[in-house]
file final_27.cif (mmCIF, C-alpha atoms)
data_target
#
loop_
_atom_site.label_atom_id
_atom_site.label_comp_id
_atom_site.auth_asym_id
_atom_site.auth_seq_id
_atom_site.Cartn_x
_atom_site.Cartn_y
_atom_site.Cartn_z
CA MET A 1 -100.91 2.20 27.16
CA LYS A 2 -98.87 -1.02 26.90
CA LYS A 3 -98.43 -0.47 23.14
CA ILE A 4 -97.11 3.03 23.71
CA TYR A 5 -94.64 1.73 26.32
CA SER A 6 -93.40 -1.04 23.94
CA LEU A 7 -92.86 1.45 21.14
CA ILE A 8 -90.81 3.64 23.44
CA ILE A 9 -88.58 0.70 24.44
CA LEU A 10 -88.11 -0.43 20.80
CA THR A 11 -87.24 3.08 19.68
CA SER A 12 -84.65 3.34 22.44
CA LEU A 13 -83.04 0.02 21.44
CA LEU A 14 -82.82 1.03 17.77
CA ALA A 15 -81.28 4.37 18.72
CA ALA A 16 -78.75 2.57 20.91
CA CYS A 17 -77.81 0.16 18.08
CA SER A 18 -77.45 2.92 15.55
CA GLY A 19 -75.31 4.83 18.02
CA GLU A 20 -72.98 1.82 18.51
CA LYS A 21 -72.59 1.32 14.75
CA GLY A 22 -71.62 4.94 14.32
CA LYS A 23 -68.89 4.77 16.95
CA SER A 24 -65.23 4.43 15.95
CA VAL A 25 -62.95 1.68 17.28
CA GLU A 26 -61.23 4.20 19.53
CA GLU A 27 -64.54 5.35 20.97
CA LEU A 28 -65.63 1.76 21.62
CA ILE A 29 -62.37 0.97 23.40
CA ALA A 30 -62.73 4.11 25.50
CA SER A 31 -66.28 3.16 26.46
CA ASP A 32 -65.13 -0.08 28.19
CA ASP A 33 -68.35 -1.74 26.90
CA ALA A 34 -67.34 -5.41 26.50
CA VAL A 35 -70.47 -6.38 24.58
CA ALA A 36 -70.10 -3.56 22.05
CA ILE A 37 -66.37 -4.20 21.62
CA GLN A 38 -66.87 -7.94 21.03
CA LYS A 39 -69.63 -7.22 18.51
CA LYS A 40 -67.41 -4.80 16.62
CA LYS A 41 -64.56 -7.33 16.57
CA ASP A 42 -66.84 -10.03 15.16
CA GLU A 43 -67.97 -7.68 12.42
CA LEU A 44 -64.36 -6.88 11.42
CA VAL A 45 -63.36 -10.55 11.40
CA ASP A 46 -66.25 -11.37 9.07
CA GLU A 47 -65.21 -8.53 6.75
CA GLN A 48 -61.57 -9.75 6.80
CA GLN A 49 -62.55 -13.30 5.85
CA ALA A 50 -64.71 -12.01 3.03
CA LEU A 51 -61.83 -9.87 1.71
CA ALA A 52 -59.44 -12.85 1.88
CA VAL A 53 -61.78 -14.94 -0.24
CA GLN A 54 -62.05 -12.15 -2.80
CA ILE A 55 -58.25 -11.64 -2.92
CA LYS A 56 -57.72 -15.35 -3.46
CA GLU A 57 -60.20 -15.36 -6.34
CA LEU A 58 -58.41 -12.37 -7.89
CA ASP A 59 -55.00 -14.08 -7.52
CA GLU A 60 -56.25 -17.24 -9.20
CA LYS A 61 -57.64 -15.24 -12.06
CA LEU A 62 -54.42 -13.22 -12.47
CA GLN A 63 -52.39 -16.45 -12.39
CA SER A 64 -54.45 -17.90 -15.23
CA ILE A 65 -54.18 -14.68 -17.23
CA ASN A 66 -50.44 -13.94 -16.49
CA PRO A 67 -48.60 -17.00 -15.10
CA ASP A 68 -45.19 -15.20 -15.09
CA ARG A 69 -46.10 -12.34 -12.84
CA ASN A 70 -44.58 -13.89 -9.66
CA VAL A 71 -41.53 -15.41 -11.38
CA PRO A 72 -38.33 -13.59 -10.29
CA LEU A 73 -36.37 -11.84 -13.05
CA ILE A 74 -32.64 -12.55 -12.99
CA THR A 75 -29.48 -12.05 -15.05
CA THR A 76 -26.69 -14.58 -15.45
CA PHE A 77 -23.10 -15.00 -16.59
CA ASN A 78 -21.11 -18.05 -17.62
CA ALA A 79 -18.30 -19.18 -15.32
CA LYS A 80 -15.03 -19.03 -17.26
CA VAL A 81 -11.54 -20.26 -16.52
CA GLU A 82 -8.99 -17.45 -16.62
CA GLU A 83 -5.67 -16.41 -15.12
CA PHE A 84 -5.95 -14.88 -11.67
CA LYS A 85 -3.23 -12.76 -10.09
CA HIS A 86 -3.39 -11.65 -6.50
CA TYR A 87 -1.44 -8.56 -5.47
CA LEU A 88 -0.15 -7.52 -2.09
CA GLU A 89 -0.61 -3.75 -1.79
CA LEU A 90 1.89 -1.82 0.33
CA GLN A 91 3.24 1.69 0.81
CA GLY A 92 6.90 2.59 0.79
CA SER A 93 9.32 5.49 0.72
CA VAL A 94 11.99 6.28 -1.85
CA GLU A 95 15.54 6.20 -0.55
CA THR A 96 19.08 6.30 -1.89
CA LYS A 97 22.32 5.10 -0.38
CA GLN A 98 24.09 8.10 -1.96
CA ASN A 99 22.44 10.94 -0.09
CA ILE A 100 24.79 12.44 2.46
CA VAL A 101 25.63 15.68 4.26
CA VAL A 102 29.33 16.41 3.72
CA THR A 103 31.32 17.33 6.85
CA PRO A 104 35.05 18.24 7.13
CA GLU A 105 37.72 15.98 8.63
CA VAL A 106 39.63 18.93 10.15
CA GLY A 107 38.65 22.18 11.81
CA GLY A 108 39.33 25.69 10.59
CA ILE A 109 38.02 28.62 8.59
CA ILE A 110 36.37 27.76 5.26
CA THR A 111 38.53 29.68 2.82
CA ARG A 112 36.54 28.80 -0.30
CA VAL A 113 33.48 26.89 -1.50
CA HIS A 114 34.22 25.66 -5.02
CA VAL A 115 30.70 24.53 -6.05
CA LYS A 116 27.17 25.91 -6.32
CA GLU A 117 23.74 24.49 -5.54
CA GLY A 118 22.46 22.32 -8.38
CA GLN A 119 25.95 21.72 -9.75
CA ARG A 120 26.80 18.19 -10.90
CA VAL A 121 30.13 16.97 -9.55
CA SER A 122 32.31 13.91 -10.11
CA LYS A 123 33.82 11.59 -7.53
CA GLY A 124 36.97 13.19 -6.05
CA GLN A 125 36.12 16.70 -7.26
CA LEU A 126 37.15 19.55 -4.90
CA LEU A 127 34.13 20.93 -3.04
CA ALA A 128 35.59 23.25 -0.40
CA SER A 129 38.93 24.35 1.10
CA ILE A 130 39.70 24.88 4.78
CA ASP A 131 42.52 27.00 6.18
CA ASP A 132 45.48 24.71 6.97
CA GLY A 133 46.59 26.67 10.04
CA GLY A 134 50.23 27.07 8.91
CA LEU A 135 50.82 23.51 7.70
CA SER A 136 51.89 24.76 4.27
CA GLN A 137 54.73 26.80 5.83
CA GLN A 138 55.82 23.80 7.89
CA LYS A 139 55.84 21.71 4.76
CA ALA A 140 57.97 24.31 2.92
CA GLN A 141 60.54 24.34 5.75
CA LEU A 142 60.69 20.56 5.82
CA GLU A 143 61.15 20.43 2.06
CA VAL A 144 64.17 22.77 2.36
CA GLN A 145 65.62 20.56 5.08
CA ALA A 146 64.81 17.46 3.05
CA ASN A 147 66.65 18.82 0.00
CA LEU A 148 69.73 19.50 2.10
CA ALA A 149 69.46 16.11 3.74
CA LYS A 150 69.15 14.48 0.33
CA THR A 151 72.32 16.19 -0.95
CA THR A 152 74.24 15.24 2.18
CA PHE A 153 73.02 11.65 1.98
CA GLU A 154 73.92 11.30 -1.69
CA ARG A 155 77.49 12.60 -1.06
CA GLN A 156 77.94 10.40 1.96
CA LYS A 157 76.68 7.41 -0.04
CA ARG A 158 79.24 8.02 -2.80
CA LEU A 159 82.01 8.19 -0.21
CA TRP A 160 80.77 5.07 1.51
CA ASP A 161 80.61 3.24 -1.82
CA GLN A 162 84.35 4.12 -2.19
CA LYS A 163 85.00 2.85 1.36
CA ILE A 164 85.71 6.40 2.50
CA GLY A 165 84.29 7.61 5.80
CA SER A 166 82.53 5.72 8.56
CA GLU A 167 79.38 3.63 8.29
CA ILE A 168 77.76 5.50 11.13
CA GLN A 169 78.00 8.79 9.20
CA TYR A 170 76.37 7.14 6.20
CA LEU A 171 73.54 5.70 8.29
CA GLN A 172 72.92 9.00 10.10
CA THR A 173 72.53 10.96 6.85
CA LYS A 174 70.27 8.25 5.43
CA SER A 175 68.08 8.19 8.52
CA GLN A 176 67.80 11.97 8.60
CA TYR A 177 66.78 12.12 4.92
CA GLU A 178 64.20 9.33 5.21
CA GLY A 179 62.76 10.85 8.39
CA LEU A 180 62.23 14.20 6.68
CA GLN A 181 60.53 12.44 3.75
CA LYS A 182 58.10 10.73 6.12
CA SER A 183 57.39 14.02 7.89
CA ILE A 184 56.55 15.65 4.54
CA ALA A 185 54.30 12.72 3.65
CA GLN A 186 52.41 13.12 6.95
CA ILE A 187 51.93 16.84 6.36
CA ASN A 188 50.67 16.07 2.85
CA GLU A 189 48.07 13.75 4.37
CA GLN A 190 47.00 16.47 6.79
CA LEU A 191 46.83 19.07 4.03
CA ALA A 192 44.71 16.73 1.88
CA LYS A 193 42.10 16.71 4.64
CA ASN A 194 41.82 20.49 4.35
CA ASN A 195 40.48 19.94 0.84
CA VAL A 196 36.93 18.54 1.01
CA ARG A 197 36.27 16.29 -2.00
CA ALA A 198 33.16 14.52 -3.34
CA PRO A 199 32.97 10.90 -2.09
CA PHE A 200 30.84 9.98 -5.13
CA SER A 201 29.39 11.56 -8.25
CA GLY A 202 26.14 13.45 -7.82
CA VAL A 203 24.44 16.83 -7.53
CA ILE A 204 25.02 19.50 -4.87
CA ASP A 205 21.51 19.79 -3.46
CA ASP A 206 22.20 22.39 -0.78
CA ILE A 207 25.09 24.61 0.41
CA ILE A 208 24.67 24.66 4.18
CA THR A 209 27.79 26.54 5.40
CA GLU A 210 29.19 29.48 3.45
CA GLN A 211 32.74 30.69 2.91
CA GLY A 212 34.33 32.40 5.93
CA ASN A 213 32.58 30.32 8.58
CA VAL A 214 34.50 28.22 11.05
CA ALA A 215 34.12 24.47 10.55
CA ALA A 216 34.43 21.84 13.28
CA PRO A 217 35.69 18.38 12.31
CA GLY A 218 32.88 15.86 11.81
CA GLN A 219 30.22 18.30 13.07
CA THR A 220 29.80 21.25 10.75
CA GLN A 221 27.49 20.46 7.82
CA LEU A 222 29.02 21.90 4.67
CA MET A 223 26.65 20.74 1.91
CA ARG A 224 24.30 17.95 0.83
CA LEU A 225 25.38 15.68 -2.02
CA VAL A 226 22.76 13.48 -3.71
CA ASN A 227 22.97 10.91 -6.48
CA LEU A 228 19.53 10.14 -7.99
CA LYS A 229 20.67 7.23 -10.15
CA ASP A 230 20.81 4.45 -7.56
CA MET A 231 17.30 4.86 -6.09
CA TYR A 232 15.22 2.24 -4.33
CA ILE A 233 11.99 1.89 -2.35
CA LYS A 234 12.05 0.42 1.12
CA THR A 235 8.94 -1.10 2.69
CA ASP A 236 7.91 -3.51 5.47
CA VAL A 237 6.22 -6.79 4.47
CA PRO A 238 4.25 -8.99 6.94
CA GLU A 239 6.08 -12.19 7.82
CA SER A 240 3.22 -14.31 6.40
CA TYR A 241 4.48 -13.39 2.91
CA ILE A 242 8.08 -14.45 3.50
CA THR A 243 7.80 -17.44 1.12
CA SER A 244 5.96 -15.58 -1.65
CA ILE A 245 7.85 -12.25 -1.71
CA THR A 246 11.33 -13.16 -2.95
CA ASN A 247 14.15 -11.57 -4.94
CA GLY A 248 13.19 -10.97 -8.56
CA LYS A 249 9.43 -10.66 -7.93
CA LYS A 250 7.77 -8.17 -10.28
CA VAL A 251 6.43 -5.02 -8.62
CA GLU A 252 4.10 -2.34 -9.95
CA VAL A 253 5.20 1.01 -8.51
CA MET A 254 2.88 4.03 -8.46
CA PHE A 255 3.85 7.58 -7.49
CA PRO A 256 0.56 9.43 -6.75
CA VAL A 257 2.23 12.85 -6.58
CA LEU A 258 3.93 12.42 -9.96
CA GLY A 259 1.05 10.55 -11.61
CA LYS A 260 3.65 8.05 -12.71
CA THR A 261 3.60 4.23 -12.81
CA LEU A 262 6.48 1.90 -13.60
CA THR A 263 7.39 -1.77 -13.34
CA SER A 264 10.33 -2.93 -11.25
CA GLU A 265 11.33 -5.95 -9.17
CA VAL A 266 12.38 -6.89 -5.65
CA ARG A 267 16.18 -6.61 -5.49
CA GLN A 268 16.67 -7.54 -1.84
CA THR A 269 14.65 -9.13 0.97
CA GLY A 270 15.63 -8.85 4.61
CA ASN A 271 16.80 -11.85 6.64
CA PHE A 272 15.55 -10.44 9.93
CA ILE A 273 11.97 -10.44 11.28
CA ASN A 274 11.24 -7.32 13.32
CA PRO A 275 9.76 -8.64 16.61
CA ALA A 276 7.89 -5.38 17.20
CA ASN A 277 5.61 -5.60 14.14
CA ARG A 278 6.47 -9.05 12.68
CA THR A 279 7.67 -7.69 9.33
CA PHE A 280 10.79 -7.92 7.19
CA ASP A 281 12.41 -5.29 4.95
CA VAL A 282 12.17 -5.33 1.17
CA GLU A 283 14.03 -3.14 -1.33
CA ILE A 284 12.68 -2.44 -4.82
CA ALA A 285 14.98 -0.91 -7.40
CA VAL A 286 13.67 2.28 -9.04
CA PRO A 287 14.99 3.38 -12.45
CA ASN A 288 15.27 7.17 -12.49
CA LYS A 289 16.63 8.23 -15.87
CA ASP A 290 14.83 11.59 -15.93
CA GLY A 291 15.61 12.40 -12.27
CA SER A 292 11.94 13.07 -11.41
CA ILE A 293 11.93 10.63 -8.48
CA LYS A 294 13.26 12.21 -5.28
CA PRO A 295 14.32 10.77 -1.91
CA ASN A 296 11.50 10.35 0.66
CA LEU A 297 8.84 10.37 -2.09
CA THR A 298 5.84 8.18 -1.16
CA ALA A 299 5.14 5.20 -3.42
CA ARG A 300 2.35 2.62 -3.62
CA LEU A 301 3.40 -0.92 -4.40
CA LYS A 302 1.56 -3.90 -5.87
CA ILE A 303 3.50 -7.15 -5.60
CA ASN A 304 2.17 -10.30 -7.30
CA ASP A 305 2.28 -12.85 -4.46
CA TYR A 306 -0.08 -15.49 -5.93
CA THR A 307 -1.03 -16.65 -9.44
CA ASN A 308 -3.59 -19.24 -10.59
CA LYS A 309 -3.58 -19.75 -14.34
CA LYS A 310 -6.84 -21.75 -14.26
CA ALA A 311 -9.10 -19.86 -11.89
CA ILE A 312 -12.85 -19.20 -11.87
CA LEU A 313 -13.75 -15.74 -10.63
CA ILE A 314 -17.16 -14.50 -9.49
CA PRO A 315 -18.43 -11.26 -7.91
CA GLN A 316 -18.32 -11.29 -4.11
CA SER A 317 -21.78 -9.67 -3.99
CA ILE A 318 -23.61 -12.83 -5.19
CA ILE A 319 -22.29 -15.08 -2.39
CA SER A 320 -24.53 -15.95 0.57
CA GLU A 321 -23.88 -17.98 3.71
CA ASN A 322 -26.07 -20.59 5.38
CA ALA A 323 -26.53 -21.41 9.08
CA GLU A 324 -23.56 -23.83 8.98
CA GLY A 325 -21.26 -21.08 7.71
CA GLU A 326 -21.06 -22.56 4.20
CA GLN A 327 -20.89 -20.22 1.23
CA TYR A 328 -23.29 -20.78 -1.65
CA ILE A 329 -24.45 -19.29 -4.93
CA TYR A 330 -27.22 -20.12 -7.41
CA VAL A 331 -26.80 -21.58 -10.88
CA LEU A 332 -29.40 -22.40 -13.52
CA ALA A 333 -30.77 -25.92 -14.04
CA ASP A 334 -33.40 -27.36 -16.42
CA LYS A 335 -33.32 -24.29 -18.61
CA ASN A 336 -36.07 -23.99 -21.23
CA LYS A 337 -35.79 -20.88 -23.38
CA ASP A 338 -35.91 -17.99 -20.86
CA LYS A 339 -37.20 -20.09 -17.97
CA ALA A 340 -35.05 -22.18 -15.62
CA THR A 341 -34.78 -23.50 -12.08
CA ALA A 342 -32.48 -21.89 -9.52
CA LYS A 343 -30.12 -24.48 -8.01
CA GLN A 344 -28.09 -23.79 -4.88
CA VAL A 345 -24.44 -24.93 -4.96
CA ILE A 346 -21.96 -24.88 -2.07
CA ILE A 347 -18.58 -23.38 -3.00
CA GLN A 348 -15.12 -22.99 -1.50
CA THR A 349 -13.45 -19.62 -2.10
CA GLY A 350 -9.85 -18.46 -2.13
CA LYS A 351 -8.21 -15.06 -2.49
CA THR A 352 -9.94 -11.84 -3.43
CA GLN A 353 -8.87 -9.03 -5.72
CA GLY A 354 -11.07 -5.96 -5.86
CA ASP A 355 -14.74 -7.02 -6.20
CA GLU A 356 -13.93 -10.53 -7.43
CA ILE A 357 -13.14 -13.71 -5.53
CA GLU A 358 -11.52 -16.96 -6.60
CA VAL A 359 -13.68 -20.13 -6.49
CA LEU A 360 -11.60 -23.16 -5.52
CA SER A 361 -14.33 -25.82 -5.70
CA GLY A 362 -18.08 -26.32 -6.17
CA LEU A 363 -18.47 -24.44 -9.44
CA GLU A 364 -17.86 -25.96 -12.86
CA GLU A 365 -16.64 -24.18 -15.95
CA ASN A 366 -19.39 -22.78 -18.23
CA ALA A 367 -22.02 -23.05 -15.48
CA GLU A 368 -24.64 -20.30 -15.80
CA VAL A 369 -24.46 -18.33 -12.55
CA ILE A 370 -27.24 -16.06 -11.32
CA GLN A 371 -25.95 -12.52 -10.82
CA GLU A 372 -28.70 -9.90 -10.46
CA GLY A 373 -31.40 -11.32 -8.22
CA ALA A 374 -29.05 -13.87 -6.64
CA ARG A 375 -30.08 -12.90 -3.09
CA SER A 376 -33.84 -12.93 -3.77
CA VAL A 377 -34.29 -16.42 -5.25
CA LYS A 378 -34.69 -19.75 -3.46
CA ASP A 379 -33.42 -23.23 -4.17
CA GLY A 380 -35.67 -24.96 -6.72
CA GLN A 381 -37.55 -21.77 -7.59
CA THR A 382 -38.55 -21.04 -11.20
CA VAL A 383 -36.81 -17.95 -12.55
CA LYS A 384 -36.91 -15.96 -15.76
CA VAL A 385 -33.68 -14.89 -17.44
CA ILE A 386 -33.57 -11.41 -18.90
CA SER A 387 -30.79 -10.11 -21.14
#
call {"tool": "encode", "arguments": {"input": "final_27.cif", "output": "structure tokens"}}
result
Amino acid sequence: MKKIYSLIILTSLLAACSGEKGKSVEELIASDDAVAIQKKKDELVDEQQALAVQIKELDEKLQSINPDRNVPLITTFNAKVEEFKHYLELQGSVETKQNIVVTPEVGGIITRVHVKEGQRVSKGQLLASIDDGGLSQQKAQLEVQANLAKTTFERQKRLWDQKIGSEIQYLQTKSQYEGLQKSIAQINEQLAKNNVRAPFSGVIDDIITEQGNVAAPGQTQLMRLVNLKDMYIKTDVPESYITSITNGKKVEVMFPVLGKTLTSEVRQTGNFINPANRTFDVEIAVPNKDGSIKPNLTARLKINDYTNKKAILIPQSIISENAEGEQYIYVLADKNKDKATAKQVIIQTGKTQGDEIEVLSGLEENAEVIQEGARSVKDGQTVKVIS
């Protein structure tokens, strides 16, 4: 009877153990059985340690078979001294000092417009005529009176030269004649204002007011006159460049709309700093022989504000920074065939242009600099150079 009871207990224990082994980790955790959970943990730890030993043995074997498998692959370039030019990039607008809207000096009806849109005119050429309001008739009457006064004066002068007649008669005729001449001259000046003339040579861009309309002095816009020869670009430059952007500086001018690029120079720099945006004005002359450049056209400018004839340039992407804020790169040391040691060097950088940056110190000419893989290597690490 005791034997039967012992067998029953043993069978129950074996069933319980086999049940625990078949349970998943999740099931064990859900069971809240501390003994079973601890046992399962011990089993997993033993398995982990056994796997670690096996992995280590495999690594040692792989290292003996292929010693280069963990060596980083990198590419390099040689640091070279070259000329470096830094450009200030700005945007400007094309302007011309000879771009005006012509207005009359006197009021009246426009009797005739003598030019057409697109017509090229010369300085002083007649553009339009305005009704003189009867000034021509007044001038004709004065001229008749002036002719009579002239004849009277000339006769009186001959008599006076012969000591005949009184001096007062001579002076009266002279004064009357000269007064009429001045009156005619004044009317001529007024009549000249009725003829609108070109203040400079150029092209009639637009006829604004047509013949027959009434013009008001200084207000009515008659036409637009433009000269495309004396063109320039005006832009604002930050005050920090006041010593580097000077008259005569070369400028590369690009017109995106025209697909056109040309080289010019700074012809004038402003002497006033705008307190609102801390900039000063700059004018760049624009040659316009073919007339394709128009006023208000947008232009992109590149002005060479700094040049270093003996500069070392490197890609910005290979530069890292340490905890002290110092910039560093890696160069090769102890090179043997395609193997070498990565050496960290601290550098000082200057101006940038595009993807490249100027190295002021810390890098010697002809040093072999790590490019691809520069951010994955460590100081003193063995590396393999690939072409």
call {"tool": "resolve_selection", "arguments": {"input": "final_27.cif", "expression": "the PyMOL selection byres ((chain A and resi 183) around 12)", "output": "VMD selection string"}}
result
chain A and resid 135 138 to 143 145 to 146 176 to 182 184 to 190
call {"tool": "write_last_selection", "arguments": {"input": "final_27.cif", "atoms": "C-alpha atoms", "output": "short mmCIF file (atom, residue, chain, number, x, y, z; two decimals), in the frame of the given file"}}
result
data_model
loop_
_atom_site.label_atom_id
_atom_site.label_comp_id
_atom_site.auth_asym_id
_atom_site.auth_seq_id
_atom_site.Cartn_x
_atom_site.Cartn_y
_atom_site.Cartn_z
CA LEU A 135 50.82 23.51 7.70
CA GLN A 138 55.82 23.80 7.89
CA LYS A 139 55.84 21.71 4.76
CA ALA A 140 57.97 24.31 2.92
CA GLN A 141 60.54 24.34 5.75
CA LEU A 142 60.69 20.56 5.82
CA GLU A 143 61.15 20.43 2.06
CA GLN A 145 65.62 20.56 5.08
CA ALA A 146 64.81 17.46 3.05
CA GLN A 176 67.80 11.97 8.60
CA TYR A 177 66.78 12.12 4.92
CA GLU A 178 64.20 9.33 5.21
CA GLY A 179 62.76 10.85 8.39
CA LEU A 180 62.23 14.20 6.68
CA GLN A 181 60.53 12.44 3.75
CA LYS A 182 58.10 10.73 6.12
CA ILE A 184 56.55 15.65 4.54
CA ALA A 185 54.30 12.72 3.65
CA GLN A 186 52.41 13.12 6.95
CA ILE A 187 51.93 16.84 6.36
CA ASN A 188 50.67 16.07 2.85
CA GLU A 189 48.07 13.75 4.37
CA GLN A 190 47.00 16.47 6.79
#
call {"tool": "resolve_selection", "arguments": {"input": "final_27.cif", "expression": "the PyMOL selection byres ((chain A and resi 255) around 9)", "output": "VMD selection string"}}
result
chain A and resid 253 to 254 256 to 262 293 297 to 300
call {"tool": "resolve_selection", "arguments": {"input": "final_27.cif", "expression": "the PyMOL selection byres ((chain A and resi 227-239) around 8)", "output": "PyMOL selection string"}}
result
chain A and resi 90-99+201-203+225-226+240-242+273+278-289+291+293-295+299
call {"tool": "closest_residue", "arguments": {"input": "final_27.cif", "among": "A:Asn322, A:Thr263, A:Gln54, A:Asn194", "to": "Leu126 in chain A", "atoms": "all atoms listed in the file"}}
result
A:Asn194
call {"tool": "residues_around", "arguments": {"input": "final_27.cif", "residues": "Asn247 in chain A", "least_positions_apart": "3", "cutoff": "12 Å", "atoms": "only C-alpha atoms", "output": "list in words"}}
result
Ile242, Thr243, Ser244, Lys250, Val251, Ser264, Glu265, Val266, Arg267, Gln268, Thr269, Gly270, Asn271, Asp281, Val282, Glu283, Ile284, Ala285, Ile303 and Asp305 of chain A
call {"tool": "closest_residue", "arguments": {"input": "final_27.cif", "among": "A:Val121, A:Ile109, A:Lys85, A:Lys309", "to": "Glu356 in chain A", "atoms": "all atoms listed in the file"}}
result
A:Lys85
call {"tool": "atom_distance", "arguments": {"input": "final_27.cif", "atom1": "CA of Arg224 in chain A", "atom2": "CA of Ile100 in chain A"}}
result
5.8 Å
call {"tool": "residues_near_point", "arguments": {"input": "final_27.cif", "point": "(-24.4, -21.3, -11.3)", "cutoff": "10 Å", "atoms": "only C-alpha atoms", "output": "list in words"}}
result
Thr76, Phe77, Asn78, Ala79, Tyr328, Ile329, Tyr330, Val331, Leu332, Ala333, Ala342, Lys343, Gln344, Val345, Gly362, Leu363, Glu364, Glu365, Asn366, Ala367, Glu368, Val369, Ile370, Gln371 and Ala374 of chain A
call {"tool": "residues_near_point", "arguments": {"input": "final_27.cif", "point": "(30.7, 17.5, 11.6)", "cutoff": "9 Å", "atoms": "all atoms listed in the file", "output": "PDB file with C-alpha atoms, keeping the file's coordinate frame"}}
result
ATOM      1  CA  VAL A 102      29.330  16.410   3.720  1.00  0.00           C
ATOM      2  CA  THR A 103      31.320  17.330   6.850  1.00  0.00           C
ATOM      3  CA  PRO A 104      35.050  18.240   7.130  1.00  0.00           C
ATOM      4  CA  GLU A 105      37.720  15.980   8.630  1.00  0.00           C
ATOM      5  CA  ALA A 215      34.120  24.470  10.550  1.00  0.00           C
ATOM      6  CA  ALA A 216      34.430  21.840  13.280  1.00  0.00           C
ATOM      7  CA  PRO A 217      35.690  18.380  12.310  1.00  0.00           C
ATOM      8  CA  GLY A 218      32.880  15.860  11.810  1.00  0.00           C
ATOM      9  CA  GLN A 219      30.220  18.300  13.070  1.00  0.00           C
ATOM     10  CA  THR A 220      29.800  21.250  10.750  1.00  0.00           C
ATOM     11  CA  GLN A 221      27.490  20.460   7.820  1.00  0.00           C
ATOM     12  CA  LEU A 222      29.020  21.900   4.670  1.00  0.00           C
TER      13      LEU A 222
END
call {"tool": "atom_distance", "arguments": {"input": "final_27.cif", "atom1": "CA of Leu73 in chain A", "atom2": "CA of Lys337 in chain A"}}
result
13.7 Å
call {"tool": "atom_distance", "arguments": {"input": "final_27.cif", "atom1": "CA of Ser320 in chain A", "atom2": "CA of Ser376 in chain A"}}
result
10.7 Å
call {"tool": "residues_around", "arguments": {"input": "final_27.cif", "residues": "Lys40 in chain A", "least_positions_apart": "4", "cutoff": "10 Å", "atoms": "only C-alpha atoms", "output": "NGL selection string"}}
result
:A and (20-21 or 23-25 or 28 or 34-36 or 44-45)
call {"tool": "closest_residue", "arguments": {"input": "final_27.cif", "among": "A:Lys41, A:Arg155, A:Lys378, A:Lys193", "to": "Asp132 in chain A", "atoms": "only C-alpha atoms"}}
result
A:Lys193
call {"tool": "closest_residue", "arguments": {"input": "final_27.cif", "among": "A:Lys116, A:Lys302, A:Lys351, A:Lys384", "to": "Lys339 in chain A", "atoms": "only C-alpha atoms"}}
result
A:Lys384
call {"tool": "residues_around", "arguments": {"input": "final_27.cif", "residues": "range 211-213 of chain A", "least_positions_apart": "4", "cutoff": "12 Å", "atoms": "all atoms listed in the file", "output": "PyMOL selection string"}}
result
chain A and resi 107-116+127-131+207+220-223
call {"tool": "closest_residue", "arguments": {"input": "final_27.cif", "among": "A:Gly373, A:Gly380, A:Asp46, A:Leu191", "to": "Gln137 in chain A", "atoms": "all atoms listed in the file"}}
result
A:Leu191
